[in-house]
>>> print(open('upload_38.pdb').read())   # PDB, C-alpha atoms
ATOM      1  CA  MET A   1      -9.775  50.212  51.269
ATOM      2  CA  ASN A   2     -12.560  48.118  49.923
ATOM      3  CA  VAL A   3     -14.151  49.195  46.668
ATOM      4  CA  GLU A   4     -16.692  46.945  45.061
ATOM      5  CA  VAL A   5     -18.596  47.980  41.983
ATOM      6  CA  GLN A   6     -21.502  45.691  41.320
ATOM      7  CA  GLY A   7     -23.741  45.300  38.356
ATOM      8  CA  PRO A   8     -27.500  45.042  38.727
ATOM      9  CA  LYS A   9     -28.562  42.150  40.972
ATOM     10  CA  ARG A  10     -30.963  39.365  40.063
ATOM     11  CA  MET A  11     -34.205  40.239  41.811
ATOM     12  CA  ILE A  12     -36.629  37.545  40.687
ATOM     13  CA  SER A  13     -35.363  34.166  39.481
ATOM     14  CA  LEU A  14     -37.136  31.161  38.065
ATOM     15  CA  LEU A  15     -35.142  28.084  39.088
ATOM     16  CA  SER A  16     -35.242  24.650  37.526
ATOM     17  CA  ASP A  17     -35.259  21.471  39.624
ATOM     18  CA  ASP A  18     -31.481  21.203  39.893
ATOM     19  CA  GLY A  19     -31.172  24.830  40.997
ATOM     20  CA  SER A  20     -29.894  26.377  37.771
ATOM     21  CA  ILE A  21     -31.429  29.647  36.670
ATOM     22  CA  ILE A  22     -33.840  29.424  33.745
ATOM     23  CA  PHE A  23     -34.975  33.000  33.712
ATOM     24  CA  SER A  24     -34.262  35.988  35.898
ATOM     25  CA  ILE A  25     -35.372  39.591  36.141
ATOM     26  CA  SER A  26     -32.662  42.088  37.002
ATOM     27  CA  GLU A  27     -32.751  44.974  39.432
ATOM     28  CA  SER A  28     -32.866  47.464  36.545
ATOM     29  CA  VAL A  29     -36.141  46.043  35.256
ATOM     30  CA  VAL A  30     -37.751  46.145  38.701
ATOM     31  CA  THR A  31     -36.569  49.724  39.249
ATOM     32  CA  GLY A  32     -37.836  50.450  35.746
ATOM     33  CA  TRP A  33     -41.314  49.332  36.825
ATOM     34  CA  ILE A  34     -41.130  51.764  39.751
ATOM     35  CA  VAL A  35     -40.098  54.543  37.340
ATOM     36  CA  ILE A  36     -43.018  53.704  35.053
ATOM     37  CA  LEU A  37     -45.361  53.821  38.065
ATOM     38  CA  ILE A  38     -44.000  57.235  39.077
ATOM     39  CA  VAL A  39     -44.501  58.595  35.550
ATOM     40  CA  LEU A  40     -48.006  57.097  35.398
ATOM     41  CA  VAL A  41     -49.031  58.599  38.732
ATOM     42  CA  LEU A  42     -47.594  61.981  37.698
ATOM     43  CA  CYS A  43     -49.573  61.865  34.450
ATOM     44  CA  LEU A  44     -52.807  60.873  36.197
ATOM     45  CA  VAL A  45     -52.436  63.526  38.897
ATOM     46  CA  LEU A  46     -51.528  66.302  36.481
ATOM     47  CA  THR A  47     -54.341  65.595  34.019
ATOM     48  CA  LYS A  48     -57.156  65.097  36.558
ATOM     49  CA  ASP A  49     -60.384  66.988  35.664
ATOM     50  CA  LEU A  50     -59.037  69.393  33.063
ATOM     51  CA  LYS A  51     -61.015  72.583  32.373
ATOM     52  CA  LYS A  52     -61.089  74.675  29.239
ATOM     53  CA  ILE A  53     -59.849  77.646  31.234
ATOM     54  CA  PRO A  54     -57.253  76.415  33.741
ATOM     55  CA  GLU A  55     -58.292  76.918  37.351
ATOM     56  CA  THR A  56     -55.726  74.865  39.249
ATOM     57  CA  LYS A  57     -51.950  75.135  39.433
ATOM     58  CA  ARG A  58     -51.845  71.453  38.484
ATOM     59  CA  GLN A  59     -53.375  72.066  35.081
ATOM     60  CA  CYS A  60     -51.092  75.060  34.468
ATOM     61  CA  ALA A  61     -48.069  72.838  35.185
ATOM     62  CA  ALA A  62     -49.347  70.150  32.810
ATOM     63  CA  GLU A  63     -49.986  72.702  30.062
ATOM     64  CA  TYR A  64     -46.552  74.216  30.618
ATOM     65  CA  ILE A  65     -44.841  70.827  30.238
ATOM     66  CA  VAL A  66     -46.753  69.952  27.062
ATOM     67  CA  LYS A  67     -46.113  73.391  25.594
ATOM     68  CA  THR A  68     -42.370  73.190  26.337
ATOM     69  CA  VAL A  69     -42.056  69.774  24.701
ATOM     70  CA  ASN A  70     -44.079  70.871  21.659
ATOM     71  CA  ASN A  71     -41.996  74.029  21.248
ATOM     72  CA  MET A  72     -38.778  72.025  21.505
ATOM     73  CA  ILE A  73     -39.918  69.494  18.879
ATOM     74  CA  GLU A  74     -41.109  72.264  16.569
ATOM     75  CA  SER A  75     -37.863  74.232  16.736
ATOM     76  CA  ASN A  76     -35.637  71.156  16.429
ATOM     77  CA  MET A  77     -37.526  68.854  14.050
ATOM     78  CA  GLY A  78     -40.035  71.037  12.243
ATOM     79  CA  ARG A  79     -43.829  70.945  12.032
ATOM     80  CA  ASP A  80     -44.052  67.702   9.974
ATOM     81  CA  LEU A  81     -42.571  65.540  12.705
ATOM     82  CA  MET A  82     -44.760  66.757  15.579
ATOM     83  CA  GLY A  83     -46.091  63.207  15.935
ATOM     84  CA  TYR A  84     -42.861  62.200  17.636
ATOM     85  CA  ALA A  85     -43.497  64.534  20.591
ATOM     86  CA  PRO A  86     -45.096  61.897  22.883
ATOM     87  CA  TYR A  87     -42.259  59.443  22.254
ATOM     88  CA  ILE A  88     -39.589  62.060  22.982
ATOM     89  CA  ALA A  89     -41.349  63.204  26.162
ATOM     90  CA  ALA A  90     -41.832  59.607  27.343
ATOM     91  CA  VAL A  91     -38.183  58.677  26.759
ATOM     92  CA  PHE A  92     -37.026  61.867  28.464
ATOM     93  CA  SER A  93     -39.156  61.332  31.571
ATOM     94  CA  TYR A  94     -38.140  57.660  31.767
ATOM     95  CA  ILE A  95     -34.409  58.442  31.501
ATOM     96  CA  ILE A  96     -34.373  61.430  33.839
ATOM     97  CA  ILE A  97     -36.442  59.784  36.575
ATOM     98  CA  GLY A  98     -34.503  56.546  36.145
ATOM     99  CA  THR A  99     -31.209  58.395  36.555
ATOM    100  CA  LEU A 100     -32.263  60.657  39.428
ATOM    101  CA  ILE A 101     -33.855  57.733  41.299
ATOM    102  CA  SER A 102     -30.345  57.020  42.596
ATOM    103  CA  MET A 103     -30.780  60.019  44.912
ATOM    104  CA  ILE A 104     -33.376  58.131  46.971
ATOM    105  CA  GLY A 105     -31.326  54.966  47.258
ATOM    106  CA  PHE A 106     -32.157  52.860  44.214
ATOM    107  CA  ARG A 107     -29.571  51.887  41.634
ATOM    108  CA  SER A 108     -29.800  54.099  38.527
ATOM    109  CA  ILE A 109     -31.387  52.116  35.721
ATOM    110  CA  THR A 110     -29.220  53.924  33.167
ATOM    111  CA  ALA A 111     -26.096  52.522  34.873
ATOM    112  CA  ASP A 112     -27.001  49.237  33.147
ATOM    113  CA  ILE A 113     -25.910  48.863  29.541
ATOM    114  CA  SER A 114     -28.938  46.694  28.715
ATOM    115  CA  VAL A 115     -31.327  49.568  29.492
ATOM    116  CA  THR A 116     -29.403  52.198  27.529
ATOM    117  CA  GLY A 117     -28.873  49.701  24.723
ATOM    118  CA  GLY A 118     -32.611  49.083  24.567
ATOM    119  CA  LEU A 119     -33.363  52.790  24.459
ATOM    120  CA  ALA A 120     -30.749  53.313  21.728
ATOM    121  CA  LEU A 121     -32.226  50.426  19.716
ATOM    122  CA  MET A 122     -35.664  52.035  19.946
ATOM    123  CA  THR A 123     -34.219  55.272  18.605
ATOM    124  CA  PHE A 124     -32.385  53.364  15.870
ATOM    125  CA  THR A 125     -35.634  51.699  14.796
ATOM    126  CA  LEU A 126     -37.362  55.077  14.641
ATOM    127  CA  ILE A 127     -34.523  56.567  12.575
ATOM    128  CA  THR A 128     -34.669  53.692  10.082
ATOM    129  CA  TYR A 129     -38.463  53.934   9.933
ATOM    130  CA  THR A 130     -38.294  57.667   9.241
ATOM    131  CA  LYS A 131     -35.684  57.146   6.530
ATOM    132  CA  ILE A 132     -37.779  54.516   4.754
ATOM    133  CA  ARG A 133     -41.014  56.459   5.192
ATOM    134  CA  TYR A 134     -39.710  59.695   3.686
ATOM    135  CA  ASN A 135     -37.257  58.370   1.103
ATOM    136  CA  GLY A 136     -38.516  54.904   0.182
ATOM    137  CA  VAL A 137     -36.912  51.486   0.584
ATOM    138  CA  GLY A 138     -34.877  51.751  -2.621
ATOM    139  CA  LYS A 139     -33.060  54.911  -1.643
ATOM    140  CA  TYR A 140     -32.434  53.549   1.857
ATOM    141  CA  LEU A 141     -30.858  50.372   0.493
ATOM    142  CA  PHE A 142     -28.960  52.327  -2.157
ATOM    143  CA  SER A 143     -27.182  54.339   0.556
ATOM    144  CA  PHE A 144     -25.366  51.145   1.595
ATOM    145  CA  VAL A 145     -23.503  51.000  -1.711
ATOM    146  CA  ASN A 146     -20.879  52.987   0.138
ATOM    147  CA  PRO A 147     -19.739  50.511   2.837
ATOM    148  CA  LEU A 148     -18.698  53.346   5.162
ATOM    149  CA  ASN A 149     -22.398  54.100   5.647
ATOM    150  CA  ILE A 150     -22.882  50.692   7.287
ATOM    151  CA  ILE A 151     -20.290  51.614   9.923
ATOM    152  CA  SER A 152     -21.880  54.979  10.613
ATOM    153  CA  GLU A 153     -25.312  53.327  10.769
ATOM    154  CA  VAL A 154     -24.113  50.859  13.404
ATOM    155  CA  ALA A 155     -22.103  53.481  15.293
ATOM    156  CA  THR A 156     -25.172  55.625  15.968
ATOM    157  CA  PRO A 157     -26.967  53.339  18.488
ATOM    158  CA  VAL A 158     -23.681  52.084  19.960
ATOM    159  CA  SER A 159     -22.425  55.590  20.688
ATOM    160  CA  MET A 160     -25.802  56.691  22.082
ATOM    161  CA  ALA A 161     -25.996  53.687  24.417
ATOM    162  CA  LEU A 162     -22.393  53.947  25.572
ATOM    163  CA  ARG A 163     -22.576  57.715  26.145
ATOM    164  CA  LEU A 164     -25.500  57.496  28.552
ATOM    165  CA  PHE A 165     -24.194  54.336  30.235
ATOM    166  CA  GLY A 166     -20.628  55.599  30.569
ATOM    167  CA  ASN A 167     -21.567  58.919  32.102
ATOM    168  CA  VAL A 168     -23.909  57.499  34.728
ATOM    169  CA  CYS A 169     -21.779  54.433  35.493
ATOM    170  CA  GLY A 170     -18.549  56.471  35.599
ATOM    171  CA  GLY A 171     -20.114  58.832  38.110
ATOM    172  CA  MET A 172     -21.237  55.863  40.205
ATOM    173  CA  ILE A 173     -17.729  54.333  40.175
ATOM    174  CA  ILE A 174     -16.107  57.638  41.150
ATOM    175  CA  THR A 175     -18.556  58.057  44.033
ATOM    176  CA  MET A 176     -17.797  54.509  45.237
ATOM    177  CA  ILE A 177     -14.030  55.056  45.018
ATOM    178  CA  LEU A 178     -14.449  58.277  47.005
ATOM    179  CA  TYR A 179     -16.470  56.423  49.643
ATOM    180  CA  GLY A 180     -13.727  53.794  49.937
ATOM    181  CA  ALA A 181     -10.998  56.431  50.177
ATOM    182  CA  LEU A 182     -12.867  58.416  52.839
ATOM    183  CA  GLY A 183     -13.480  55.245  54.848
ATOM    184  CA  ALA A 184      -9.754  54.428  54.712
ATOM    185  CA  LEU A 185      -8.944  58.012  55.717
ATOM    186  CA  SER A 186     -11.181  57.957  58.767
ATOM    187  CA  ALA A 187      -9.805  54.524  59.779
ATOM    188  CA  SER A 188      -6.240  55.833  59.572
ATOM    189  CA  VAL A 189      -7.181  58.948  61.567
ATOM    190  CA  TYR A 190      -8.648  56.715  64.293
ATOM    191  CA  GLY A 191      -5.422  54.706  64.154
ATOM    192  CA  LEU A 192      -3.344  57.872  64.602
ATOM    193  CA  LEU A 193      -5.439  58.915  67.599
ATOM    194  CA  GLY A 194      -4.847  55.500  69.131
ATOM    195  CA  LEU A 195      -8.494  54.467  69.074
ATOM    196  CA  ASN A 196      -9.562  50.944  68.281
ATOM    197  CA  ALA A 197     -11.025  51.113  64.765
ATOM    198  CA  ASP A 198     -13.281  48.138  65.495
ATOM    199  CA  VAL A 199     -14.988  49.917  68.383
ATOM    200  CA  TYR A 200     -15.186  53.384  66.855
ATOM    201  CA  TYR A 201     -16.335  52.110  63.501
ATOM    202  CA  PHE A 202     -17.942  55.314  62.379
ATOM    203  CA  ASN A 203     -16.567  56.825  59.157
ATOM    204  CA  ILE A 204     -16.685  60.472  60.105
ATOM    205  CA  PHE A 205     -15.301  61.698  56.767
ATOM    206  CA  GLN A 206     -18.052  59.969  54.832
ATOM    207  CA  ILE A 207     -20.556  62.551  56.100
ATOM    208  CA  GLY A 208     -21.267  65.408  53.747
ATOM    209  CA  ILE A 209     -18.227  65.248  51.467
ATOM    210  CA  PRO A 210     -19.693  62.731  48.928
ATOM    211  CA  ALA A 211     -22.852  64.842  48.697
ATOM    212  CA  VAL A 212     -20.903  67.628  46.980
ATOM    213  CA  LEU A 213     -19.726  65.237  44.283
ATOM    214  CA  SER A 214     -23.184  63.735  44.077
ATOM    215  CA  ILE A 215     -24.597  67.117  43.027
ATOM    216  CA  TYR A 216     -22.368  67.028  39.951
ATOM    217  CA  PHE A 217     -22.372  63.340  39.080
ATOM    218  CA  ASP A 218     -25.974  62.452  39.899
ATOM    219  CA  LEU A 219     -28.000  65.628  39.473
ATOM    220  CA  PHE A 220     -26.139  67.695  36.881
ATOM    221  CA  SER A 221     -24.623  64.932  34.770
ATOM    222  CA  GLY A 222     -27.806  62.868  34.807
ATOM    223  CA  ALA A 223     -29.994  65.771  33.716
ATOM    224  CA  ILE A 224     -27.552  66.895  31.002
ATOM    225  CA  GLN A 225     -27.148  63.379  29.636
ATOM    226  CA  SER A 226     -30.885  62.723  29.396
ATOM    227  CA  TYR A 227     -31.299  66.082  27.660
ATOM    228  CA  VAL A 228     -28.467  65.212  25.268
ATOM    229  CA  PHE A 229     -30.018  61.803  24.573
ATOM    230  CA  ILE A 230     -33.315  63.274  23.412
ATOM    231  CA  MET A 231     -31.599  66.129  21.538
ATOM    232  CA  LEU A 232     -29.540  63.576  19.604
ATOM    233  CA  THR A 233     -32.638  61.465  18.985
ATOM    234  CA  MET A 234     -34.368  64.503  17.494
ATOM    235  CA  ALA A 235     -31.309  65.458  15.428
ATOM    236  CA  TYR A 236     -30.898  61.934  14.008
ATOM    237  CA  ILE A 237     -34.596  61.590  13.179
ATOM    238  CA  LYS A 238     -34.551  64.949  11.456
ATOM    239  CA  MET A 239     -31.457  63.911   9.501
ATOM    240  CA  GLY A 240     -33.191  60.682   8.533
ATOM    241  CA  LYS A 241     -36.050  62.642   7.021
ATOM    242  CA  GLU A 242     -33.757  64.488   4.596
TER
ATOM    243  CA  MET B   1       0.312  18.401  39.118
ATOM    244  CA  ASN B   2       1.589  20.851  41.730
ATOM    245  CA  SER B   3       3.901  22.622  39.293
ATOM    246  CA  MET B   4       1.026  22.930  36.845
ATOM    247  CA  ASN B   5      -1.093  24.678  39.484
ATOM    248  CA  GLU B   6       1.801  26.990  40.203
ATOM    249  CA  ALA B   7       2.188  27.788  36.519
ATOM    250  CA  LEU B   8      -1.522  28.590  36.276
ATOM    251  CA  LEU B   9      -1.324  30.861  39.316
ATOM    252  CA  ASN B  10       1.674  32.651  37.813
ATOM    253  CA  ALA B  11      -0.172  33.100  34.544
ATOM    254  CA  GLN B  12      -3.236  34.446  36.360
ATOM    255  CA  ALA B  13      -1.128  36.926  38.295
ATOM    256  CA  THR B  14       0.487  38.128  35.073
ATOM    257  CA  VAL B  15      -2.904  38.519  33.428
ATOM    258  CA  LEU B  16      -4.279  40.469  36.404
ATOM    259  CA  ALA B  17      -1.293  42.829  36.408
ATOM    260  CA  ALA B  18      -1.578  43.341  32.667
ATOM    261  CA  GLN B  19      -5.304  44.074  33.038
ATOM    262  CA  ALA B  20      -4.644  46.761  35.634
ATOM    263  CA  ILE B  21      -1.956  48.356  33.466
ATOM    264  CA  GLY B  22      -4.227  48.164  30.439
ATOM    265  CA  ALA B  23      -7.087  49.843  32.316
ATOM    266  CA  GLY B  24      -4.770  52.662  33.316
ATOM    267  CA  LEU B  25      -3.529  53.047  29.743
ATOM    268  CA  ALA B  26      -7.093  53.061  28.421
ATOM    269  CA  MET B  27      -7.915  56.097  30.526
ATOM    270  CA  ILE B  28      -5.277  58.112  28.619
ATOM    271  CA  ALA B  29      -8.220  58.587  26.248
ATOM    272  CA  GLY B  30      -9.478  61.150  28.768
ATOM    273  CA  ILE B  31      -6.900  63.685  27.563
ATOM    274  CA  GLY B  32      -8.575  64.228  24.204
ATOM    275  CA  PRO B  33     -12.108  65.102  25.384
ATOM    276  CA  GLY B  34     -10.614  67.272  28.135
ATOM    277  CA  ILE B  35      -8.708  69.441  25.676
ATOM    278  CA  GLY B  36     -11.580  69.446  23.186
ATOM    279  CA  GLU B  37     -14.253  70.413  25.709
ATOM    280  CA  GLY B  38     -12.069  73.128  27.168
ATOM    281  CA  PHE B  39     -11.616  74.557  23.691
ATOM    282  CA  ALA B  40     -15.377  74.407  23.020
ATOM    283  CA  VAL B  41     -16.246  76.127  26.303
ATOM    284  CA  GLY B  42     -13.651  78.833  25.614
ATOM    285  CA  LYS B  43     -15.165  79.499  22.211
ATOM    286  CA  ALA B  44     -18.672  79.585  23.712
ATOM    287  CA  ILE B  45     -17.565  82.169  26.278
ATOM    288  CA  GLU B  46     -16.002  84.239  23.481
ATOM    289  CA  THR B  47     -19.325  84.110  21.632
ATOM    290  CA  ILE B  48     -21.301  85.130  24.709
ATOM    291  CA  GLY B  49     -18.878  87.984  25.319
ATOM    292  CA  ARG B  50     -19.370  89.225  21.786
ATOM    293  CA  GLN B  51     -23.154  88.688  21.627
ATOM    294  CA  PRO B  52     -24.613  88.455  25.169
ATOM    295  CA  GLU B  53     -28.165  88.197  23.806
ATOM    296  CA  ILE B  54     -27.682  84.623  22.487
ATOM    297  CA  LYS B  55     -26.441  83.293  25.827
ATOM    298  CA  GLY B  56     -29.186  80.640  26.122
ATOM    299  CA  THR B  57     -28.700  79.169  22.657
ATOM    300  CA  ALA B  58     -24.918  79.220  22.918
ATOM    301  CA  THR B  59     -24.989  77.460  26.304
ATOM    302  CA  SER B  60     -27.331  74.655  25.255
ATOM    303  CA  THR B  61     -25.455  74.093  21.985
ATOM    304  CA  MET B  62     -22.185  74.017  23.914
ATOM    305  CA  PHE B  63     -23.511  71.373  26.325
ATOM    306  CA  ILE B  64     -24.639  69.139  23.467
ATOM    307  CA  GLY B  65     -21.308  69.559  21.705
ATOM    308  CA  CYS B  66     -19.456  68.757  24.917
ATOM    309  CA  ALA B  67     -21.540  65.618  25.452
ATOM    310  CA  VAL B  68     -20.823  64.435  21.911
ATOM    311  CA  ALA B  69     -17.115  65.203  22.250
ATOM    312  CA  GLU B  70     -17.094  63.186  25.465
ATOM    313  CA  THR B  71     -17.946  59.984  23.582
ATOM    314  CA  THR B  72     -14.336  59.009  22.841
ATOM    315  CA  GLY B  73     -13.446  59.402  26.502
ATOM    316  CA  ILE B  74     -16.453  57.278  27.432
ATOM    317  CA  TYR B  75     -15.205  54.538  25.097
ATOM    318  CA  GLY B  76     -11.902  54.570  26.992
ATOM    319  CA  LEU B  77     -13.785  54.406  30.307
ATOM    320  CA  PHE B  78     -15.843  51.476  29.026
ATOM    321  CA  VAL B  79     -12.692  49.544  28.071
ATOM    322  CA  ALA B  80     -11.244  50.268  31.519
ATOM    323  CA  ILE B  81     -14.433  49.064  33.251
ATOM    324  CA  VAL B  82     -14.459  45.852  31.216
ATOM    325  CA  LEU B  83     -10.775  45.211  31.973
ATOM    326  CA  LEU B  84     -11.076  45.893  35.704
ATOM    327  CA  TRP B  85     -14.319  44.200  36.665
ATOM    328  CA  MET B  86     -15.280  41.727  33.962
ATOM    329  CA  ASN B  87     -11.891  39.939  33.698
ATOM    330  CA  PRO B  88     -12.250  38.886  30.039
ATOM    331  CA  PHE B  89      -8.726  37.498  29.699
ATOM    332  CA  LEU B  90      -8.776  35.630  33.000
ATOM    333  CA  LYS B  91     -11.827  33.733  31.785
ATOM    334  CA  LEU B  92     -10.004  33.044  28.535
ATOM    335  CA  LEU B  93      -7.056  31.617  30.471
ATOM    336  CA  THR B  94      -9.043  29.146  32.580
ATOM    337  CA  GLY B  95     -11.178  28.155  29.617
ATOM    338  CA  MET B  96     -14.440  29.180  31.250
ATOM    339  CA  PRO B  97     -17.232  30.021  28.827
ATOM    340  CA  GLY B  98     -18.357  33.651  28.679
TER
END
>>> encode(input="upload_38.pdb", output="structure tokens")
Amino acid sequence: MNVEVQGPKRMISLLSDDGSIIFSISESVVTGWIVILIVLVLCLVLTKDLKKIPETKRQCAAEYIVKTVNNMIESNMGRDLMGYAPYIAAVFSYIIIGTLISMIGFRSITADISVTGGLALMTFTLITYTKIRYNGVGKYLFSFVNPLNIISEVATPVSMALRLFGNVCGGMIITMILYGALGALSASVYGLLGLNADVYYFNIFQIGIPAVLSIYFDLFSGAIQSYVFIMLTMAYIKMGKE
Amino acid sequence: MNSMNEALLNAQATVLAAQAIGAGLAMIAGIGPGIGEGFAVGKAIETIGRQPEIKGTATSTMFIGCAVAETTGIYGLFVAIVLLWMNPFLKLLTGMPG
């Protein structure tokens, strides 16, 4: 049984003369560019020649998406914070496409702690900005008189990053362990039947069975976790306003 | 020189075994979220049984609560991942940086 869990590979490297790496771009970043391209193309296609009265299904879909996001922001954050709607929608589409991209063979970008850490830092910056904007610098600094607040301030981005990373990465590890176990099972079945495993190297049990787990770990868990990420972002920003 | 190599190998084997045991122990953290989420889902079903008209709200709130309750389990998983695949103590032993 051979289980290897790998982190994101180095895709593009800038080497110095003696062959050591000066600068490298990881697989997650390159996949992230593809995700950004997908989102961009979706936006361009959906918003092509808009009419005042919608005529195409495309425009109805675009209006439906915008309306859903606006309703969600209004019910969760209130009318004053409607300006955050584009940010929330952008983060949501980036996370959900980046997670579900594993279904077409790429590595999920959210299975890399650097990506989720970056997203959590962005949210942390927004929370701090909202706190200072609505309450002033003095009140923000005064809240750190109680040292426990520093811990809870730091714990917010850490827990957000680790939650998204752990769910996606844990699902990936479980799928890989299952693949290894099924490969070992089919090898032992070939052994029992007296067939040479080197000739009949076709893991019959690896067909179909991992797909059932993939529905939960990739599709369901990925969608729920991206939803939870933006819900928590909205909740924290709203808390920062008060 | 030979006995020193042997001592280092022995130490590495001990560290590897301890890492595997530690990763297994770290996943005991999965018990807590399991019990907690089961409790939350049970309460949500009770609520839906009592007031079927708020099914949508109760379900989405339950999912968010479950995801937040999962965090402690995820911390345990993270420690297990670091112990199994990043070998922090093995690097400490051989004096390699990082």
>>> resolve_selection(input="upload_38.pdb", expression="the PyMOL selection byres ((chain B) within 9 of (chain A))", output="mmCIF file with C-alpha atoms, in the frame of the given file")
data_model
loop_
_atom_site.group_PDB
_atom_site.id
_atom_site.type_symbol
_atom_site.label_atom_id
_atom_site.label_comp_id
_atom_site.auth_asym_id
_atom_site.auth_seq_id
_atom_site.Cartn_x
_atom_site.Cartn_y
_atom_site.Cartn_z
ATOM 1 C CA PHE B 63 -23.511 71.373 26.325
ATOM 2 C CA ILE B 64 -24.639 69.139 23.467
ATOM 3 C CA ALA B 67 -21.540 65.618 25.452
ATOM 4 C CA VAL B 68 -20.823 64.435 21.911
ATOM 5 C CA GLU B 70 -17.094 63.186 25.465
ATOM 6 C CA THR B 71 -17.946 59.984 23.582
ATOM 7 C CA THR B 72 -14.336 59.009 22.841
ATOM 8 C CA ILE B 74 -16.453 57.278 27.432
ATOM 9 C CA TYR B 75 -15.205 54.538 25.097
ATOM 10 C CA LEU B 77 -13.785 54.406 30.307
ATOM 11 C CA PHE B 78 -15.843 51.476 29.026
ATOM 12 C CA ILE B 81 -14.433 49.064 33.251
ATOM 13 C CA TRP B 85 -14.319 44.200 36.665
#
>>> atom_distance(input="upload_38.pdb", atom1="CA of Ser102 in chain A", atom2="CA of Ile209 in chain A")
17.1 Å
>>> resolve_selection(input="upload_38.pdb", expression="the PyMOL selection byres ((chain A and resi 237) around 8)", output="ChimeraX atom specification")
/A:77,126-127,130,233-236,238-241
>>> closest_residue(input="upload_38.pdb", among="A:Ser93, A:Thr123, A:Ser20, A:Ser188", to="Leu37 in chain A", atoms="all atoms listed in the file")
A:Ser93
>>> residues_around(input="upload_38.pdb", residues="range 92-94 of chain B", least_positions_apart="4", cutoff="12 Å", atoms="all atoms listed in the file", output="VMD selection string")
chain B and resid 5 7 to 16 86 to 88 98
>>> atom_distance(input="upload_38.pdb", atom1="CA of Leu185 in chain A", atom2="CA of Gly171 in chain A")
20.9 Å
>>> atom_distance(input="upload_38.pdb", atom1="CA of Ile65 in chain A", atom2="CA of Ile95 in chain A")
16.2 Å
>>> closest_residue(input="upload_38.pdb", among="B:Ala58, B:Ile28, B:Ala80, B:Ile21", to="Lys43 in chain B", atoms="all atoms listed in the file")
B:Ala58
>>> resolve_selection(input="upload_38.pdb", expression="the PyMOL selection byres ((chain A and resi 43-52) around 12)", output="PyMOL selection string")
chain A and resi 36-42+53-66+89-90+93
>>> axis_aligned_box(input="upload_38.pdb", around="range 3-7 of chain B", padding_each_side="6 Å", output="JSON")
{"center_x": 1.4, "center_y": 25.2, "center_z": 38.4, "size_x": 17.0, "size_y": 17.2, "size_z": 15.7}
>>> residues_around(input="upload_38.pdb", residues="Ala26 in chain B", least_positions_apart="3", cutoff="7 Å", atoms="all atoms listed in the file", output="JSON, numbers by chain")
{"B": [22, 23, 29, 76, 79, 80]}
>>> write_last_selection(input="upload_38.pdb", atoms="C-alpha atoms", output="PDB file, keeping the file's coordinate frame")
ATOM      1  CA  GLY B  22      -4.227  48.164  30.439  1.00  0.00           C
ATOM      2  CA  ALA B  23      -7.087  49.843  32.316  1.00  0.00           C
ATOM      3  CA  ALA B  29      -8.220  58.587  26.248  1.00  0.00           C
ATOM      4  CA  GLY B  76     -11.902  54.570  26.992  1.00  0.00           C
ATOM      5  CA  VAL B  79     -12.692  49.544  28.071  1.00  0.00           C
ATOM      6  CA  ALA B  80     -11.244  50.268  31.519  1.00  0.00           C
TER       7      ALA B  80
END
>>> closest_residue(input="upload_38.pdb", among="A:Met122, A:Leu192, A:Ile230, A:Leu182", to="Ile207 in chain A", atoms="all atoms listed in the file")
A:Leu182
>>> decode(input="upload_38.pdb", residues="range 20-41 of chain A", atoms="C-alpha atoms", output="PDB file, in the first residue's frame")
ATOM      1  CA  SER A  20      19.565  27.084  -6.219  1.00  0.00           C
ATOM      2  CA  ILE A  21      16.035  28.420  -6.329  1.00  0.00           C
ATOM      3  CA  ILE A  22      15.697  32.188  -5.991  1.00  0.00           C
ATOM      4  CA  PHE A  23      11.996  32.445  -6.551  1.00  0.00           C
ATOM      5  CA  SER A  24       9.301  29.949  -7.400  1.00  0.00           C
ATOM      6  CA  ILE A  25       5.595  29.989  -8.133  1.00  0.00           C
ATOM      7  CA  SER A  26       3.601  27.128  -6.667  1.00  0.00           C
ATOM      8  CA  GLU A  27       0.902  25.027  -8.262  1.00  0.00           C
ATOM      9  CA  SER A  28      -1.763  26.768  -6.158  1.00  0.00           C
ATOM     10  CA  VAL A  29      -0.943  30.156  -7.658  1.00  0.00           C
ATOM     11  CA  VAL A  30      -1.059  28.814 -11.214  1.00  0.00           C
ATOM     12  CA  THR A  31      -4.375  27.062 -10.542  1.00  0.00           C
ATOM     13  CA  GLY A  32      -5.513  30.303  -8.930  1.00  0.00           C
ATOM     14  CA  TRP A  33      -4.867  32.111 -12.220  1.00  0.00           C
ATOM     15  CA  ILE A  34      -7.045  29.540 -13.998  1.00  0.00           C
ATOM     16  CA  VAL A  35      -9.788  30.108 -11.400  1.00  0.00           C
ATOM     17  CA  ILE A  36      -9.554  33.869 -11.910  1.00  0.00           C
ATOM     18  CA  LEU A  37      -9.826  33.336 -15.680  1.00  0.00           C
ATOM     19  CA  ILE A  38     -12.920  31.158 -15.218  1.00  0.00           C
ATOM     20  CA  VAL A  39     -14.570  33.790 -13.007  1.00  0.00           C
ATOM     21  CA  LEU A  40     -13.634  36.545 -15.474  1.00  0.00           C
ATOM     22  CA  VAL A  41     -15.051  34.662 -18.453  1.00  0.00           C
TER      23      VAL A  41
END
